[in-house]
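Undergrad: My structure is below; once you've seen it, I'll send some questions.
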Amino acid sequence: MASNEKFNFAQSVAEALADSQLRANFRFATDTLIQRRGTVFASPEETNFLRDVGSSMKKDVLANLPDLLERFEAKCIKNGIVVHWAETAKDANEIILSILNEKSAKKVVKGKSMASEEIHLNAYLEEHDKEVVETDFGEFIIQLCNEPPSHIIVPAVHKNRKQIAEVLAEHVEGMEYTEDVDIMLENVRNTLREHFKTADAGISGVNFGIVETGSLCLVENEGNGRMCTTVPPLHIALMGIEKLIENVEDIPAIYRLLCGSATGQRITTYFNMISGPRKKDERDGPKEVHLVLLDNGRSRIMNDPQLGDVLKCIRCGTCLNHCPVFTRIGGHAYGSTYPGPIGEILVPQLEGLNPKGAIATASSLCDACSEACPVRIPIPEIIRRMRDESYGHGDPNSVAGYGYKKNCVESMVWRGWKWSQTSPFMNKVMLKGLALFGKWIPVVGPLKSWMSVRSKPTFGKNSLKDLVKKEGVRHE
Amino acid sequence: MSSSAESRERILSRLYNAQQYGRDAYVPQKKVWTIRNRPKEKNITEFMERMGAVRTEVYRTKGTEWVAELQKLVEERGQKTLLHAPSTPTGKVLAEKWKKKSPCKLVTWKDSIEEFKDDLFACDGAVTGCIGGIAESAAVILWPTEEEPRLMSIVPPLHVVVVEADKIYTSFQDAIKKLKWNTSMPTNALLISGPSKTADIELILQFGVHGPTDLVVFITE
């Protein structure tokens, strides 16, 4: 995916905005998802209480993360799960490849996992001669056209029915163009069933890891996750280290928050808790379960008390739906695994501010995301922090690419502005200066692009301050 | 590639370091989501209503009547085979009451999945018991066993679940408490709320993607 190519955010935004079909698809999808969320979270009081529960639960986990990880690891090992630790994306890919090689596994069926997108697992495995089949319906479609997901929850949402029909007709053997969704499903179901049956290994993500019992929880509607984790003889689960939940009794609240926020369901079709490989006498399930714990920059994020909040995220994608910018430009424009508001604060931290810091500019700071966030991540505050970090205001050690946007002219302009706002004399000089010479400000640089869609402001003879002094304030 | 053990040390040491902030930081007291338990009849009504809303067929039956109803249902739909586990209470009743001349034959799971895979994928349906239901979120709770393996409830296109009326809990929270979930977690525990579904094409809800296209629940008392 575009991560390693030259990333030009302004250009991808312009392209996305020019595609009216894409905009229509996203607008429809985000509106629908917001409305569905509303049906589950109808009562503001209850919803806010539940969000408090979720937020405090995840804060608690982060505050004790290393202890919990050690407990979780011990429990998993006791359950017979083989635990691996991966510091980087590269480590994780190599670990997974070596497990597959050890078992001479060629064909892998995969459940939807954002962590695997983050490390570009498919591309890596395919380079090493493995056959990887995405089995989530949406993921299956975008794998066919070699595209990354455009939404955390509904990965193929940028395509409408006709576009999907074309993709299927082109790639699925024996299938003709049809807009009948039932026929499309039937065909894909049969194709994928064959893959489930013959796969050597299944790879999945993990929604929650329960520390108390050493269980891996998978939340899904389609059943492909259950297939991937039960039919093949080998199951490899990939999980970010922050995805822990301490106790089983914490699950109902966080599970409801996830379903409600993601798809507007009270409960998904399947909630799948896996606590180990097939035991003696059991007749199905994988003979081996491997868990790869992925750091990939997360432990560094934990170092900063403000930035650490981003790790509360449960990947429900509701901030995407609520974001007016995402709705208009869609997921691909962000050029990142995680698009939308959560991407704006997570990706620059994972991949560095240069060039990914640019996506933090795609926000009007309207607060819609943080008002919907089920675990109350103060997203706009962290977006502003990303912007500050880009200009070298913040903590030089916390995010890579610190201060990459810093430039002389801009610093001088702001210093001048500060001076004019803190010294009464300079303030007067500025106001007088603008009143007299403002109309001659040259139309170049940012002012030029700003004026391409607006008219140039004219400065009044008297400043507001002068007018107030002269006329007083009328309280009406 | 750095070894997993080295990575582990480095990740944990960074996290323990970071805890200088974490431990001292203000962590609000954990709030808990509780739901008051309701009487049995209310639970059953809510269970039926909410399960029905996600296209699960729910029937309330007395004693072993469900077998006859099921037989009628599968014959109407032209099912040929029905997987069951005769060693479980549910499977035993089913085997005893099933009319031998029915066009739908009862089959049993033989050996392990490696040997049984082709037969399993060819089955039209499966009948399992379950250890309970949840009213508030509308789901049945399955803890698959040696007799009723995990794939019985996902591979065949029809899944029939028999749940005892007394074991329908008000909430997930209550089920976790009553079943002592934290100390007796099985290899695989499941909540199932309906037939398999997707909304990946234009967010239109479609049933029967990878798992069962139909879920039938019999409440027995």
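Chain labels A, B, ... are given in the sequence in which chains occur in the structure tokens; within each chain residues are numbered consecutively from 1, and ligands are likewise numbered from 1 in the order shown.
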Do you know which residues are at most 8 Å from range 207-211 of chain A counting only C-alpha atoms, after dropping those on the same chain fewer than 6 positions away, and could you put them as a list of chain:residue names?
TA: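 Using only C-alpha atoms, the neighbours found are A:Leu68, A:Leu69, A:Arg71, A:Phe72, A:Lys75, A:Cys217, A:Leu218, A:Val219, A:Met239, A:Lys243, A:Leu244, A:Ile245, A:Glu246, A:Asn247, A:Val248, A:Ile314.
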Undergrad: Taking the DSSP secondary structure from the backbone, can you list the residues of range 112-349 of chain A that are strand (DSSP E or B), as a ChimeraX atom specification?
TA: /A:131-134,201-204,208-210,215-220,234-240,244-245,270-274,288-294
Undergrad: Using only C-alpha atoms, find which residues of chain B lie within 7 Å of chain A and jot them down as number ranges by chain.
TA: B: 1, 4, 7-8, 11-12, 14-16, 18-19, 21-23, 27-33, 111-113, 137, 145-146, 149-150, 154, 172-173, 176, 182, 185-198, 200-203, 209-211
Undergrad: Would you list the contacts of range 346-361 of chain A as a ChimeraX atom specification, taking every protein, DNA or RNA residue within 9 Å and counting only C-alpha atoms, but skipping same-chain residues closer than 4 positions in sequence?
TA: /A:3,6-10,296-298,300-301,307,310-311,334-342,383-384,386-387,389-390,398-405
Undergrad: Using only C-alpha atoms, pick whichever of B:Ala95, B:Ala165, B:Arg50, B:His159 has the shortest atom-to-atom distance to Val127 in chain B.
TA: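 Among the listed residues, the smallest separation from Val127 in chain B belongs to B:His159.
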Undergrad: Name the residues in contact with range 450-460 of chain A at a cut-off of 12 Å, using only C-alpha atoms, excluding same-chain residues fewer than 3 positions from it; report them as a ChimeraX atom specification.
TA: /A:430-447,463-467
Undergrad: For the residues in that selection, give me N, CA and C atoms as a short mmCIF file (atom, residue, chain, number, x, y, z; two decimals), in the first residue's frame.
TA:
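What landed in selection35.cif:
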data_model
loop_
_atom_site.label_atom_id
_atom_site.label_comp_id
_atom_site.auth_asym_id
_atom_site.auth_seq_id
_atom_site.Cartn_x
_atom_site.Cartn_y
_atom_site.Cartn_z
N MET A 430 0.45 47.71 14.66
CA MET A 430 -0.08 46.73 13.71
C MET A 430 -1.44 47.18 13.17
N LEU A 431 -2.31 47.62 14.09
CA LEU A 431 -3.66 48.00 13.67
C LEU A 431 -3.62 49.18 12.71
N LYS A 432 -2.84 50.17 13.08
CA LYS A 432 -2.71 51.35 12.20
C LYS A 432 -2.12 50.93 10.86
N GLY A 433 -1.07 50.12 10.94
CA GLY A 433 -0.38 49.67 9.73
C GLY A 433 -1.34 48.95 8.79
N LEU A 434 -2.16 48.05 9.34
CA LEU A 434 -3.10 47.29 8.49
C LEU A 434 -4.15 48.20 7.89
N ALA A 435 -4.63 49.19 8.74
CA ALA A 435 -5.66 50.09 8.23
C ALA A 435 -5.13 50.89 7.05
N LEU A 436 -3.85 51.29 7.15
CA LEU A 436 -3.29 52.14 6.10
C LEU A 436 -2.79 51.35 4.90
N PHE A 437 -2.02 50.26 5.19
CA PHE A 437 -1.33 49.57 4.09
C PHE A 437 -1.88 48.17 3.80
N GLY A 438 -2.93 47.76 4.55
CA GLY A 438 -3.45 46.40 4.43
C GLY A 438 -3.82 46.02 3.00
N LYS A 439 -4.35 46.99 2.28
CA LYS A 439 -4.81 46.64 0.93
C LYS A 439 -3.67 46.29 -0.01
N TRP A 440 -2.44 46.62 0.41
CA TRP A 440 -1.30 46.31 -0.48
C TRP A 440 -0.60 45.00 -0.11
N ILE A 441 -1.17 44.27 0.82
CA ILE A 441 -0.55 42.98 1.16
C ILE A 441 -0.50 42.12 -0.11
N PRO A 442 0.68 41.67 -0.48
CA PRO A 442 0.79 40.94 -1.75
C PRO A 442 0.07 39.59 -1.70
N VAL A 443 -0.61 39.28 -2.80
CA VAL A 443 -1.36 38.01 -2.85
C VAL A 443 -0.42 36.89 -3.31
N VAL A 444 0.31 36.34 -2.34
CA VAL A 444 1.22 35.23 -2.66
C VAL A 444 1.08 34.15 -1.59
N GLY A 445 1.68 33.02 -1.86
CA GLY A 445 1.77 31.93 -0.87
C GLY A 445 0.41 31.50 -0.37
N PRO A 446 0.32 31.28 0.94
CA PRO A 446 -0.94 30.75 1.49
C PRO A 446 -2.12 31.68 1.25
N LEU A 447 -1.87 32.97 1.24
CA LEU A 447 -2.97 33.92 1.03
C LEU A 447 -3.57 33.72 -0.36
N SER A 463 -10.19 50.34 14.21
CA SER A 463 -10.23 48.97 14.72
C SER A 463 -11.44 48.81 15.64
N LEU A 464 -11.79 47.57 15.92
CA LEU A 464 -12.91 47.30 16.81
C LEU A 464 -12.68 47.96 18.17
N LYS A 465 -11.43 47.89 18.59
CA LYS A 465 -11.06 48.47 19.87
C LYS A 465 -11.38 49.97 19.91
N ASP A 466 -11.02 50.65 18.80
CA ASP A 466 -11.30 52.09 18.72
C ASP A 466 -12.79 52.36 18.79
N LEU A 467 -13.52 51.53 18.03
CA LEU A 467 -14.97 51.74 17.99
C LEU A 467 -15.58 51.55 19.37
#
Undergrad: Might you pull out every residue within 7 Å of Ile134 in chain B, with only C-alpha atoms counted and same-chain residues fewer than 3 positions away left off, and present them as a list in words?
TA: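 Once the adjacent positions are removed, what remains is Phe47, Ser137, Ala138, Ala139, Val140, Ile168, Tyr169, Thr170, Ser171 and Phe172 of chain B.
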Undergrad: Keeping only N, CA and C atoms, write those residues as an mmCIF file, in the first residue's frame.
TA:
data_model
loop_
_atom_site.group_PDB
_atom_site.id
_atom_site.type_symbol
_atom_site.label_atom_id
_atom_site.label_comp_id
_atom_site.auth_asym_id
_atom_site.auth_seq_id
_atom_site.Cartn_x
_atom_site.Cartn_y
_atom_site.Cartn_z
ATOM 1 N N PHE B 47 -36.096 -12.550 25.038
ATOM 2 C CA PHE B 47 -35.225 -13.431 24.257
ATOM 3 C C PHE B 47 -35.846 -13.740 22.903
ATOM 4 N N SER B 137 -29.157 -9.346 25.407
ATOM 5 C CA SER B 137 -28.479 -9.189 24.122
ATOM 6 C C SER B 137 -28.922 -10.247 23.113
ATOM 7 N N ALA B 138 -29.812 -11.126 23.501
ATOM 8 C CA ALA B 138 -30.390 -12.125 22.612
ATOM 9 C C ALA B 138 -29.353 -13.003 21.942
ATOM 10 N N ALA B 139 -28.886 -13.998 22.670
ATOM 11 C CA ALA B 139 -27.922 -14.933 22.093
ATOM 12 C C ALA B 139 -28.028 -16.252 22.828
ATOM 13 N N VAL B 140 -27.597 -17.316 22.154
ATOM 14 C CA VAL B 140 -27.444 -18.583 22.868
ATOM 15 C C VAL B 140 -25.964 -18.766 23.191
ATOM 16 N N ILE B 168 -32.316 -19.369 30.538
ATOM 17 C CA ILE B 168 -32.218 -18.095 29.822
ATOM 18 C C ILE B 168 -31.963 -16.998 30.853
ATOM 19 N N TYR B 169 -30.762 -16.455 30.804
ATOM 20 C CA TYR B 169 -30.363 -15.452 31.780
ATOM 21 C C TYR B 169 -30.786 -14.070 31.297
ATOM 22 N N THR B 170 -30.906 -13.155 32.255
ATOM 23 C CA THR B 170 -31.310 -11.811 31.868
ATOM 24 C C THR B 170 -30.241 -11.135 31.025
ATOM 25 N N SER B 171 -28.986 -11.222 31.487
ATOM 26 C CA SER B 171 -27.933 -10.458 30.812
ATOM 27 C C SER B 171 -26.674 -11.298 30.667
ATOM 28 N N PHE B 172 -25.800 -10.842 29.809
ATOM 29 C CA PHE B 172 -24.489 -11.474 29.634
ATOM 30 C C PHE B 172 -23.754 -11.479 30.980
#
